[in-house]
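Student: Next comes the structure file final-v3.csv, holding CSV, C-alpha atoms and all ligand atoms.
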chain,number,residue,atom,x,y,z
A,1,MET,CA,13.1,23.0,-13.6
A,2,SER,CA,13.3,24.8,-10.2
A,3,ARG,CA,12.5,23.1,-7.0
A,4,ALA,CA,9.3,25.2,-6.7
A,5,ASP,CA,8.2,24.1,-10.2
A,6,ILE,CA,8.7,20.4,-9.4
A,7,PHE,CA,6.6,20.8,-6.3
A,8,GLN,CA,3.9,22.6,-8.1
A,9,ARG,CA,3.8,20.1,-10.9
A,10,VAL,CA,3.7,17.1,-8.6
A,11,GLU,CA,1.0,18.6,-6.4
A,12,ARG,CA,-1.1,19.3,-9.4
A,13,ILE,CA,-0.7,15.8,-10.6
A,14,VAL,CA,-1.6,14.3,-7.2
A,15,ILE,CA,-4.8,16.3,-6.7
A,16,SER,CA,-6.0,15.5,-10.3
A,17,LYS,CA,-8.9,13.1,-10.9
A,18,ALA,CA,-6.5,10.6,-12.6
A,19,SER,CA,-6.3,7.1,-11.1
A,20,ASP,CA,-3.5,6.3,-8.6
A,21,ARG,CA,-1.6,4.4,-11.3
A,22,GLU,CA,-1.9,7.2,-13.9
A,23,SER,CA,-1.1,9.9,-11.3
A,24,LEU,CA,2.1,8.1,-10.1
A,25,LYS,CA,3.1,7.4,-13.6
A,26,SER,CA,2.8,11.1,-14.4
A,27,VAL,CA,4.9,12.0,-11.3
A,28,ALA,CA,7.6,9.5,-12.4
A,29,GLU,CA,7.6,11.1,-15.9
A,30,ALA,CA,7.8,14.6,-14.5
A,31,LEU,CA,10.7,13.8,-12.2
A,32,ARG,CA,12.6,12.0,-15.0
A,33,GLU,CA,12.1,15.1,-17.2
A,34,ALA,CA,13.2,17.4,-14.3
A,35,ALA,CA,16.7,16.1,-13.9
A,36,LEU,CA,18.9,15.1,-16.9
A,37,SER,CA,20.8,12.5,-15.0
A,38,TRP,CA,17.7,10.7,-13.7
A,39,ASP,CA,17.5,7.9,-16.3
A,40,TRP,CA,14.9,5.6,-14.6
A,41,VAL,CA,12.4,6.9,-12.1
A,42,GLY,CA,9.9,4.6,-10.5
A,43,PHE,CA,7.9,3.5,-7.5
A,44,TYR,CA,8.1,0.2,-5.7
A,45,LEU,CA,5.1,-0.3,-3.4
A,46,LEU,CA,5.1,-2.4,-0.2
A,47,ALA,CA,2.2,-4.9,-0.5
A,48,GLY,CA,1.9,-8.2,1.3
A,49,GLY,CA,5.4,-8.0,2.7
A,50,VAL,CA,7.2,-7.6,-0.6
A,51,LEU,CA,8.1,-4.7,-2.9
A,52,LYS,CA,6.0,-4.7,-6.0
A,53,LEU,CA,6.9,-2.6,-9.1
A,54,GLY,CA,4.6,0.4,-9.4
A,55,PRO,CA,4.4,3.1,-12.1
A,56,TYR,CA,7.7,4.1,-13.6
A,57,SER,CA,9.4,6.1,-16.4
A,58,GLY,CA,12.3,4.6,-18.3
A,59,GLU,CA,13.3,1.2,-19.7
A,60,PRO,CA,11.1,-1.7,-18.8
A,61,THR,CA,12.4,-3.9,-16.0
A,62,ASP,CA,12.1,-7.6,-15.2
A,63,PHE,CA,12.2,-6.9,-11.5
A,64,THR,CA,8.5,-6.6,-10.7
A,65,ARG,CA,8.9,-8.1,-7.2
A,66,ILE,CA,11.8,-7.5,-4.7
A,67,GLU,CA,12.0,-9.3,-1.3
A,68,ILE,CA,12.7,-7.2,1.8
A,69,GLY,CA,16.5,-7.2,2.3
A,70,ASP,CA,17.3,-7.8,-1.4
A,71,GLY,CA,19.1,-5.2,-3.5
A,72,VAL,CA,19.2,-1.5,-2.7
A,73,CYS,CA,15.4,-1.3,-2.7
A,74,GLY,CA,14.9,-4.2,-0.3
A,75,THR,CA,17.7,-3.0,1.9
A,76,ALA,CA,16.0,0.4,2.4
A,77,VAL,CA,13.0,-1.3,3.8
A,78,ALA,CA,15.0,-3.8,5.9
A,79,GLU,CA,17.1,-1.0,7.4
A,80,ASP,CA,14.2,1.5,7.5
A,81,ARG,CA,16.4,4.2,5.9
A,82,ASN,CA,17.0,5.8,2.5
A,83,GLN,CA,19.9,4.7,0.4
A,84,ILE,CA,22.3,6.6,-1.8
A,85,VAL,CA,24.7,4.5,-3.8
A,86,ASP,CA,27.4,6.3,-5.6
A,87,ASP,CA,28.7,3.3,-7.5
A,88,VAL,CA,26.3,0.3,-7.8
A,89,ARG,CA,29.2,-1.8,-9.2
A,90,ALA,CA,30.8,-1.8,-5.7
A,91,LEU,CA,27.7,-3.5,-4.2
A,92,ASP,CA,27.5,-7.3,-3.6
A,93,ASN,CA,23.7,-7.4,-3.5
A,94,TYR,CA,22.8,-5.0,-6.2
A,95,ILE,CA,19.9,-6.0,-8.5
A,96,ALA,CA,20.8,-4.7,-12.0
A,97,CYS,CA,17.8,-3.5,-13.9
A,98,SER,CA,20.1,-2.0,-16.5
A,99,LEU,CA,23.8,-2.6,-17.1
A,100,LYS,CA,24.2,1.1,-17.8
A,101,THR,CA,23.1,2.1,-14.3
A,102,ARG,CA,26.0,3.5,-12.2
A,103,SER,CA,24.3,5.2,-9.2
A,104,GLU,CA,21.0,4.9,-7.4
A,105,ILE,CA,18.8,6.6,-4.8
A,106,VAL,CA,16.0,5.0,-2.8
A,107,VAL,CA,13.8,7.2,-0.6
A,108,LEU,CA,11.1,5.6,1.5
A,109,ILE,CA,7.5,6.8,1.3
A,110,ARG,CA,5.6,6.7,4.6
A,111,HIS,CA,1.8,7.1,5.1
A,112,GLU,CA,0.4,7.4,8.6
A,113,GLY,CA,3.7,6.2,10.0
A,114,ASN,CA,4.1,3.1,7.9
A,115,VAL,CA,6.3,2.5,4.9
A,116,VAL,CA,4.0,2.1,1.9
A,117,GLY,CA,6.6,2.3,-0.8
A,118,GLN,CA,9.6,4.1,-2.2
A,119,PHE,CA,11.0,6.2,-4.9
A,120,ASP,CA,13.7,4.3,-6.8
A,121,ILE,CA,15.8,6.4,-9.2
A,122,ASP,CA,18.7,5.2,-11.3
A,123,SER,CA,21.4,7.2,-13.1
A,124,ASP,CA,23.8,6.2,-15.8
A,125,GLU,CA,26.2,8.7,-14.2
A,126,ARG,CA,28.4,7.8,-11.3
A,127,ALA,CA,27.5,9.6,-8.0
A,128,ALA,CA,24.5,11.4,-9.5
A,129,PHE,CA,22.6,11.8,-6.3
A,130,THR,CA,23.1,14.2,-3.4
A,131,GLU,CA,21.7,14.8,0.0
A,132,GLU,CA,19.7,17.7,-1.5
A,133,ASP,CA,18.0,15.2,-3.9
A,134,GLU,CA,17.2,13.0,-0.9
A,135,THR,CA,15.6,16.0,0.9
A,136,LEU,CA,13.6,16.9,-2.2
A,137,LEU,CA,12.4,13.3,-2.6
A,138,GLU,CA,11.5,13.1,1.1
A,139,GLU,CA,9.3,16.2,0.7
A,140,LEU,CA,7.7,14.8,-2.5
A,141,ALA,CA,7.1,11.5,-0.7
A,142,GLN,CA,4.8,13.3,1.7
A,143,ILE,CA,2.7,14.6,-1.2
A,144,VAL,CA,2.5,11.2,-3.1
A,145,ALA,CA,2.1,9.0,0.1
A,146,PRO,CA,-1.8,8.8,0.0
A,147,ARG,CA,-1.7,7.8,-3.7
A,148,CYS,CA,1.0,5.2,-2.9
A,149,ALA,CA,-0.9,3.8,0.1
A,150,SER,CA,-4.1,3.5,-2.0
A,151,LEU,CA,-2.3,1.8,-4.9
A,152,ALA,CA,-0.4,-0.5,-2.6
A,153,ALA,CA,-3.7,-1.6,-0.9
A,154,ALA,CA,-5.0,-2.6,-4.4
A,155,LEU,CA,-2.0,-4.7,-5.4
B,201,LIG,N1,18.5,-1.7,-8.5
B,201,LIG,C1,17.4,-2.0,-7.6
B,201,LIG,C2,16.4,-2.8,-8.4
B,201,LIG,C3,15.4,-2.0,-9.0
B,201,LIG,S1,15.9,-1.4,-10.5
B,201,LIG,O1,16.9,-0.3,-10.2
B,201,LIG,C4,14.7,-0.7,-11.4
B,201,LIG,C5,18.0,-2.7,-6.4
B,201,LIG,O2,19.2,-3.1,-6.3
B,201,LIG,O3,17.2,-3.0,-5.5
Translate this file's structure into C-alpha cells.
Tutor:
Amino acid sequence: MSRADIFQRVERIVISKASDRESLKSVAEALREAALSWDWVGFYLLAGGVLKLGPYSGEPTDFTRIEIGDGVCGTAVAEDRNQIVDDVRALDNYIACSLKTRSEIVVLIRHEGNVVGQFDIDSDERAAFTEEDETLLEELAQIVAPRCASLAAAL
C-alpha cells in the first residue's frame, strides 16, 4: 500500500461515525495490513499517569498497563521521544509481549501539546523499522490524536 493510500485509509476511518475504540482498532488493523513486517500494531494510551493498552491488531498481550519508564513504551514517555529498537534482545528493560518479537518502534501521539498515547509496533524481523516509518507514524499520529485523547479520557 502506498503512503498516500495509508493516509487516505486512516483519514477515512478517523472521520467515520465509529466509536473511538472501533476507529482506533480499524487503524491498527489497516497499518498491520499495510506492512508485511508489522506483526503487532497497537495503541497505548496515557491515562492517570500510566500507559493503558488501547485497541490493537495482533496476538493478545498480558501487558495491559505499563508504568512510565518501564520497557520501550514507558521509556518513550519518560524521555519524551520516539524509540526505534533494532534488536529488542539487546535491551535490559524490554517487556516481551511475544518471544518472537525482534524489533520495535514507539511513536508518541500528542494532542494540544500533551502526550495522550503512542503507536507501539512490533516486528518478528530484526531492524524492521526505519526513520521513514517514524515520520509516517508521526504524521498519522496527528490524524488519530483527537480519537486517542478522547479514548484516554474515558479510561
Ligand atoms: N515491548 C513493549 C511492551 C508492549 S508489547 O510490545 C505489546 C515494551 O517494552 O514496552
Student: As a list in words, please: the residues near A:Asn93 (cut-off 8 Å, only C-alpha atoms, same-chain neighbours under 3 positions excluded).
Tutor: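 Residues meeting the cut-off are Asp70, Gly71 and Val72 of chain A.
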Student: Write out as a list of chain:residue names each polymer residue whose atoms come within 7 Å of stretch 148-152 of chain A, counting all atoms listed in the file; drop sequence neighbours fewer than 3 positions from it.
Tutor: A:Asp20, A:Arg21, A:Leu45, A:Leu46, A:Ala47, A:His111, A:Val116, A:Gly117, A:Val144, A:Ala145, A:Leu155
Student: For the atom pair atom CA of A:Ser26 and atom C4 of ligand LIG 201 (chain B), what is the interatomic distance in Å to one decimal place?
Tutor: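 Rounded to one decimal, the two atoms are 17.0 Å apart.
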Student: Do you have the atom CA of A:Leu51-atom CA of A:Thr135 distance handy?
Tutor: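 So the answer is 22.3 Å.
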Student: Between A:Pro146, A:Ala34, A:Asp39, A:Val88, which one has atoms that come closest to A:Asp5, using all atoms listed in the file?
Tutor: A:Ala34
Student: Output the neighbourhood of ligand LIG 201 (chain B) as an MDAnalysis selection string, that is, all protein and nucleic acid residues with some atom at most 10 Å from the ligand, counting all atoms listed in the file.
Tutor: chainID A and resid 40:44 51 53 56:76 85 88 91:98 101:106 120:123
Student: Counting all atoms listed in the file, which of A:Leu137, A:Val115, A:Val50, A:Ala127 gets nearest to A:Asp87?
Tutor: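 Ranking A:Leu137, A:Val115, A:Val50, A:Ala127 by distance to A:Asp87, first place goes to A:Ala127.
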